[in-house]
Amino acid sequence: MRKLGWIALLLAALVIAGCARSGSPGGGGKKDQTPSLHQGRPVKPALLRLEDVGPGGLYQSEESLEKLGVIAEFLQQEGVPFHVALIPRFVIPQKGYDVSIADDTPYARKFVTVIKDMQARGAIVGVHGYTHQSGNAASGLGFEFFDRSRNPGVPDTYGYAGDRIGAAMNLFEKAGVTPGFWETPHYTASARQYPAFEEQAGLLYENFYRGVVTYRERVFDVAGPGSRGFVIVPTPLGYIGGDVGIEKMLGYLDRVGDTQLASFFYHPFREFGYISQTKNDRGEIQYVYDRNSPLHRLIKLIKERGYAFVSVYSLVGFVPSHRFPGLPFREGDRVIAGRFEANGKSELLVFNRGVNQWHMYECTAVRHTPRKTNAFVHRGLWIEGWALDDKAVPLAGDFNGDRRDDLLVFDPAGGTFRLAWNEGGRLVPAGEEVPVPAGLRPVQPAVGDFNGDGLDDLAVHDPENCRIGVFFSTGRGFKRAAWQYIDQIGGEGQKLVAGDFNGDKKSDIAILDAAIGEGRVLLAGRSGGFTAAENPWLTDRGVGKGWHPFSSDINGDGFDDLVFYSRTGHWRVALSDGKSFVQRLEFGPWGAGKKGLPLVADLNGDGRSDLAIIDGSMAKGYNLDTALSVLDR
């Protein structure tokens, strides 16, 4: 069941009388600080990229491809996530050589098989230009994009750059290779050309941003014409070649410590001389990999210095991705996310207040790259004439167990909930309303399966009396509320979000208290009652004032996590391990704005929830921008 933690965002802040909070320390909340990406990571991250791999040159023979596979197998055995900078079309003009990864030849098919095997062993494969050359230069050696001194002969235009990256993306798609990032050949392009890269790929794995050197990972919250924002992950340690390069790099790393990211690249062909062919007793060819090779030494010595090799995905967490331009939306309209079509992902249900219509939209993109202009499609008008008061709260939940979310609307003025059933392609209003006990104003509603029967239920919060009431779904309606008194409930600034935080298929409730800066969890029992966890699950930053909480499974491990959004565009993720929330990742700034409306939902159906922001600050109306989760499970 989906636990809709974003409900708290849609409600006005409560001003409520305080109740006794047993087990909660007193004292004021912690002062908010502007976060940086991945601040406070428990390990020192290191990144390895295998550079200039393409269907030609030093990788033209079958033996070289076999050795490339041996290197990938070694890195997998060492537990080293790695990256491959792939040149999709390899050109050597002086030899008349021109081979792409999409060619239907035995060699090209073998090359792509090796690349896909590397992906299966943990590699993230990036787009390293289109041909990594221009004119008579050979791929891997030549410059592809404009540089005033080194490559002035190519057009210094956005169009030229856009055509090249577009052609590269097409080759990746034809070959069935997933593009994970973009790397500009030799980190060289003009200020006119970089926007073409940024609009196709939200993750750039290189040192430069339009000529500005970066030493740590950074998010740029740029509201461009076709997309919003991108992430830069640099390789400040540069190119490592041979023993001299290793010693020089390690000495530098020892001097600078972890002030710079331990990120570097290496040409894998340099390992080929350390990989020898032999035959076993059956005459089969085998390969022996010398443990004294430079790459073996690099991995060993970096680990000994306390670094842990990570993937670029686990480092950044989210990749700014697709845009829904010109979203039919106005100030005062509402939008909720839910699994309305039972296709394994969340759709967006938009209420247009001016015409009392509810329209459905779906994200059709599977991956974050390439960014597509047609990534969202209209799934039709689902309900019409169902008005929504200014302070009404729309909620999504599967209340009849058919694996499709229905629509529930709380009317705080009348103190009732109205229900519309999902009948496949349309929402049909039910004939009755769910009453809330008189005098219970205001209230925080939350949706979740609190007794584990496969039906979503409705929980309401009575802060004045320190209790939670649950309206259990019968599949046709709701039973009268079952109330439970809980000491931890009560206090100004508390927010409640529902989610399956311990993975037992029942919804729990997290009490997020801004006054003391901690989050406590009420664990659901067998009959739908709650037991307060003995210790707080979250005591780190993110609970405080100005942070809007969401509950969703960000990394696809079966535990719902907490996500906090600030209007400064910063996001904080506290991942659940089933027993507590671990403050693991900080992302941003991305999606900053005083009127921005954030959402957290699994938009592409990969089991990991993504970030979205609806922003009406641009002159052309409202846009919905996404940042897809790439966190490792």
# chains A, B, ... in the order shown; residues from 1 in each chain; ligands from 1
>>> residues_around(residues="region 400-408 of chain A", least_positions_apart="4", cutoff="10 Å", atoms="only C-alpha atoms", output="count of residues only")
44
>>> residues_around(residues="Gly202 (chain A)", least_positions_apart="3", cutoff="7 Å", atoms="only C-alpha atoms", output="VMD selection string")
chain A and resid 198 to 199 229 to 231 319 to 321
>>> write_last_selection(atoms="all heavy atoms", output="PDB file, in the first residue's frame")
ATOM      1  N   GLU A 198      23.083  19.826 -20.990  1.00  0.00           N
ATOM      2  CA  GLU A 198      22.309  19.871 -19.752  1.00  0.00           C
ATOM      3  C   GLU A 198      20.835  19.555 -19.988  1.00  0.00           C
ATOM      4  O   GLU A 198      20.171  18.986 -19.109  1.00  0.00           O
ATOM      5  CB  GLU A 198      22.458  21.251 -19.115  1.00  0.00           C
ATOM      6  CG  GLU A 198      23.894  21.548 -18.688  1.00  0.00           C
ATOM      7  CD  GLU A 198      24.225  23.028 -18.714  1.00  0.00           C
ATOM      8  OE1 GLU A 198      23.288  23.847 -18.898  1.00  0.00           O
ATOM      9  OE2 GLU A 198      25.407  23.387 -18.585  1.00  0.00           O
ATOM     10  N   GLU A 199      20.322  19.909 -21.141  1.00  0.00           N
ATOM     11  CA  GLU A 199      18.910  19.643 -21.421  1.00  0.00           C
ATOM     12  C   GLU A 199      18.669  18.185 -21.803  1.00  0.00           C
ATOM     13  O   GLU A 199      17.538  17.711 -21.749  1.00  0.00           O
ATOM     14  CB  GLU A 199      18.424  20.568 -22.534  1.00  0.00           C
ATOM     15  CG  GLU A 199      18.280  22.004 -22.056  1.00  0.00           C
ATOM     16  CD  GLU A 199      17.755  22.932 -23.135  1.00  0.00           C
ATOM     17  OE1 GLU A 199      17.330  22.421 -24.191  1.00  0.00           O
ATOM     18  OE2 GLU A 199      17.772  24.146 -22.926  1.00  0.00           O
ATOM     19  N   GLY A 229      17.503  22.215 -13.925  1.00  0.00           N
ATOM     20  CA  GLY A 229      18.609  21.786 -13.094  1.00  0.00           C
ATOM     21  C   GLY A 229      19.376  20.584 -13.595  1.00  0.00           C
ATOM     22  O   GLY A 229      18.932  19.837 -14.467  1.00  0.00           O
ATOM     23  N   PHE A 230      20.565  20.431 -13.058  1.00  0.00           N
ATOM     24  CA  PHE A 230      21.420  19.291 -13.358  1.00  0.00           C
ATOM     25  C   PHE A 230      22.447  19.170 -12.247  1.00  0.00           C
ATOM     26  O   PHE A 230      22.628  20.088 -11.436  1.00  0.00           O
ATOM     27  CB  PHE A 230      22.109  19.453 -14.718  1.00  0.00           C
ATOM     28  CG  PHE A 230      22.888  20.735 -14.871  1.00  0.00           C
ATOM     29  CD1 PHE A 230      24.234  20.784 -14.574  1.00  0.00           C
ATOM     30  CD2 PHE A 230      22.264  21.895 -15.303  1.00  0.00           C
ATOM     31  CE1 PHE A 230      24.945  21.959 -14.698  1.00  0.00           C
ATOM     32  CE2 PHE A 230      22.973  23.081 -15.429  1.00  0.00           C
ATOM     33  CZ  PHE A 230      24.318  23.112 -15.133  1.00  0.00           C
ATOM     34  N   VAL A 231      23.124  18.018 -12.224  1.00  0.00           N
ATOM     35  CA  VAL A 231      24.139  17.740 -11.218  1.00  0.00           C
ATOM     36  C   VAL A 231      25.484  17.591 -11.915  1.00  0.00           C
ATOM     37  O   VAL A 231      25.574  16.974 -12.974  1.00  0.00           O
ATOM     38  CB  VAL A 231      23.817  16.445 -10.444  1.00  0.00           C
ATOM     39  CG1 VAL A 231      24.865  16.189  -9.361  1.00  0.00           C
ATOM     40  CG2 VAL A 231      22.429  16.515  -9.829  1.00  0.00           C
ATOM     41  N   VAL A 319      18.575  12.413  -9.956  1.00  0.00           N
ATOM     42  CA  VAL A 319      19.052  13.066 -11.170  1.00  0.00           C
ATOM     43  C   VAL A 319      17.921  13.919 -11.726  1.00  0.00           C
ATOM     44  O   VAL A 319      16.848  13.398 -12.052  1.00  0.00           O
ATOM     45  CB  VAL A 319      19.501  12.042 -12.229  1.00  0.00           C
ATOM     46  CG1 VAL A 319      19.895  12.754 -13.522  1.00  0.00           C
ATOM     47  CG2 VAL A 319      20.673  11.216 -11.708  1.00  0.00           C
ATOM     48  N   PRO A 320      18.101  15.248 -11.825  1.00  0.00           N
ATOM     49  CA  PRO A 320      17.085  16.096 -12.465  1.00  0.00           C
ATOM     50  C   PRO A 320      16.749  15.557 -13.850  1.00  0.00           C
ATOM     51  O   PRO A 320      17.642  15.285 -14.650  1.00  0.00           O
ATOM     52  CB  PRO A 320      17.760  17.462 -12.525  1.00  0.00           C
ATOM     53  CG  PRO A 320      18.735  17.446 -11.381  1.00  0.00           C
ATOM     54  CD  PRO A 320      19.245  16.025 -11.333  1.00  0.00           C
ATOM     55  N   SER A 321      15.473  15.412 -14.110  1.00  0.00           N
ATOM     56  CA  SER A 321      15.077  14.647 -15.287  1.00  0.00           C
ATOM     57  C   SER A 321      14.077  15.401 -16.152  1.00  0.00           C
ATOM     58  O   SER A 321      14.364  16.485 -16.617  1.00  0.00           O
ATOM     59  CB  SER A 321      14.527  13.280 -14.844  1.00  0.00           C
ATOM     60  OG  SER A 321      15.463  12.618 -14.015  1.00  0.00           O
TER      61      SER A 321
END
>>> atom_distance(atom1="CA of Val99 (chain A)", atom2="CA of Pro185 (chain A)")
18.1 Å
>>> closest_atom_pairs(of="region 253-275 of chain A", to="region 74-94 of chain A", cutoff="10 Å", atoms="only C-alpha atoms", output="tab-separated table")
residue	atom	partner	partner_atom	distance
A:Phe265	CA	A:His83	CA	9.0
A:Tyr266	CA	A:Val84	CA	9.8
A:His267	CA	A:Ala85	CA	9.8
A:Pro268	CA	A:Val84	CA	9.7
>>> write_last_selection(atoms="C-alpha atoms", output="PDB file, in the first residue's frame")
ATOM      1  CA  PHE A 265      39.597   8.117 -14.346  1.00  0.00           C
ATOM      2  CA  TYR A 266      41.771   5.392 -15.835  1.00  0.00           C
ATOM      3  CA  HIS A 267      42.246   3.919 -19.300  1.00  0.00           C
ATOM      4  CA  PRO A 268      41.518   0.185 -18.963  1.00  0.00           C
TER       5      PRO A 268
END
>>> residues_around(residues="Ala123 (chain A)", least_positions_apart="2", cutoff="12 Å", atoms="only C-alpha atoms", output="PyMOL selection string")
chain A and resi 47-50+69+71-73+75-76+79-86+114-121+125-126+177-181+310-313
>>> select_by_dssp(residues="region 114-304 of chain A", states="strand (DSSP E or B)", output="PyMOL selection string")
chain A and resi 123-127+147+151+182+203-205+208-209+212-213+218-223+228-233+238-239+262-266+275-279+285-289
>>> write_last_selection(atoms="C-alpha atoms", output="PDB file, in the first residue's frame")
ATOM      1  CA  ALA A 123      29.014  -0.411 -14.160  1.00  0.00           C
ATOM      2  CA  ILE A 124      27.171   2.809 -14.955  1.00  0.00           C
ATOM      3  CA  VAL A 125      27.805   3.563 -18.617  1.00  0.00           C
ATOM      4  CA  GLY A 126      27.924   7.186 -19.685  1.00  0.00           C
ATOM      5  CA  VAL A 127      27.797   8.983 -23.026  1.00  0.00           C
ATOM      6  CA  ASP A 147      37.268  25.564 -28.289  1.00  0.00           C
ATOM      7  CA  ASN A 151      39.059  23.245 -31.980  1.00  0.00           C
ATOM      8  CA  TRP A 182      27.130  12.687 -19.998  1.00  0.00           C
ATOM      9  CA  LEU A 203      23.959  14.286 -14.644  1.00  0.00           C
ATOM     10  CA  LEU A 204      27.301  15.555 -15.959  1.00  0.00           C
ATOM     11  CA  TYR A 205      30.325  13.582 -14.784  1.00  0.00           C
ATOM     12  CA  PHE A 208      33.948  21.774 -15.647  1.00  0.00           C
ATOM     13  CA  TYR A 209      30.746  23.729 -15.737  1.00  0.00           C
ATOM     14  CA  VAL A 212      34.344  26.800 -14.045  1.00  0.00           C
ATOM     15  CA  VAL A 213      36.253  24.046 -12.234  1.00  0.00           C
ATOM     16  CA  ARG A 218      27.097  20.265  -7.042  1.00  0.00           C
ATOM     17  CA  VAL A 219      23.469  20.738  -8.023  1.00  0.00           C
ATOM     18  CA  PHE A 220      22.630  23.665 -10.277  1.00  0.00           C
ATOM     19  CA  ASP A 221      18.984  24.746  -9.923  1.00  0.00           C
ATOM     20  CA  VAL A 222      18.690  26.316 -13.362  1.00  0.00           C
ATOM     21  CA  ALA A 223      15.183  26.801 -14.753  1.00  0.00           C
ATOM     22  CA  ARG A 228      15.219  22.250 -14.649  1.00  0.00           C
ATOM     23  CA  GLY A 229      18.609  21.786 -13.094  1.00  0.00           C
ATOM     24  CA  PHE A 230      21.420  19.291 -13.358  1.00  0.00           C
ATOM     25  CA  VAL A 231      24.139  17.740 -11.218  1.00  0.00           C
ATOM     26  CA  ILE A 232      27.897  17.981 -11.781  1.00  0.00           C
ATOM     27  CA  VAL A 233      30.162  15.275 -10.356  1.00  0.00           C
ATOM     28  CA  GLY A 238      42.214  13.558 -12.934  1.00  0.00           C
ATOM     29  CA  TYR A 239      43.858  10.894 -15.058  1.00  0.00           C
ATOM     30  CA  ALA A 262      38.433  11.220  -4.477  1.00  0.00           C
ATOM     31  CA  SER A 263      37.286  10.816  -8.060  1.00  0.00           C
ATOM     32  CA  PHE A 264      39.564   9.843 -10.964  1.00  0.00           C
ATOM     33  CA  PHE A 265      39.597   8.117 -14.346  1.00  0.00           C
ATOM     34  CA  TYR A 266      41.771   5.392 -15.835  1.00  0.00           C
ATOM     35  CA  ILE A 275      46.216 -10.012 -18.205  1.00  0.00           C
ATOM     36  CA  SER A 276      47.590 -13.145 -19.869  1.00  0.00           C
ATOM     37  CA  GLN A 277      45.978 -15.967 -21.793  1.00  0.00           C
ATOM     38  CA  THR A 278      46.372 -19.590 -20.777  1.00  0.00           C
ATOM     39  CA  LYS A 279      44.606 -22.862 -21.505  1.00  0.00           C
ATOM     40  CA  ILE A 285      41.195 -20.280 -23.028  1.00  0.00           C
ATOM     41  CA  GLN A 286      41.394 -18.678 -19.599  1.00  0.00           C
ATOM     42  CA  TYR A 287      42.799 -15.379 -18.375  1.00  0.00           C
ATOM     43  CA  VAL A 288      45.145 -14.722 -15.471  1.00  0.00           C
ATOM     44  CA  TYR A 289      45.120 -11.217 -13.978  1.00  0.00           C
TER      45      TYR A 289
END
>>> residues_around(residues="Arg334 (chain A)", least_positions_apart="2", cutoff="8 Å", atoms="only C-alpha atoms", output="ChimeraX atom specification")
/A:332,336,350-353
>>> residues_around(residues="Ala102 (chain A)", least_positions_apart="5", cutoff="8 Å", atoms="only C-alpha atoms", output="VMD selection string")
chain A and resid 108 171 to 172 174 to 175
>>> write_last_selection(atoms="N, CA, C and O atoms", output="compact mmCIF listing (two decimals), in the first residue's frame")
# COMPACT_ATOMS: atom_id res chain seq x y z
N ALA A 108 30.50 -5.49 -33.56
CA ALA A 108 29.70 -4.52 -32.81
C ALA A 108 28.79 -5.21 -31.81
O ALA A 108 28.61 -4.75 -30.67
N LEU A 171 22.11 6.28 -30.69
CA LEU A 171 22.91 5.06 -30.79
C LEU A 171 22.78 4.22 -29.53
O LEU A 171 22.70 2.98 -29.59
N PHE A 172 22.78 4.86 -28.38
CA PHE A 172 22.60 4.13 -27.13
C PHE A 172 21.25 3.40 -27.14
O PHE A 172 21.16 2.24 -26.75
N LYS A 174 19.39 2.47 -29.76
CA LYS A 174 19.37 1.39 -30.75
C LYS A 174 20.15 0.16 -30.26
O LYS A 174 19.77 -0.98 -30.54
N ALA A 175 21.24 0.41 -29.54
CA ALA A 175 22.06 -0.70 -29.05
C ALA A 175 21.52 -1.30 -27.76
O ALA A 175 22.00 -2.35 -27.32
>>> closest_residue(among="A:Ala201, A:Leu388, A:Val470, A:Val256", to="Gly529 (chain A)", atoms="only C-alpha atoms")
A:Val470
>>> closest_residue(among="A:Leu237, A:Val366, A:Ala375, A:Ala196", to="Pro225 (chain A)", atoms="only C-alpha atoms")
A:Ala196
>>> atom_distance(atom1="CA of Trp547 (chain A)", atom2="CA of Arg216 (chain A)")
25.2 Å
>>> closest_residue(among="A:Asp449, A:Asp290, A:Asp504, A:Glu464", to="Gly528 (chain A)", atoms="only C-alpha atoms")
A:Asp449
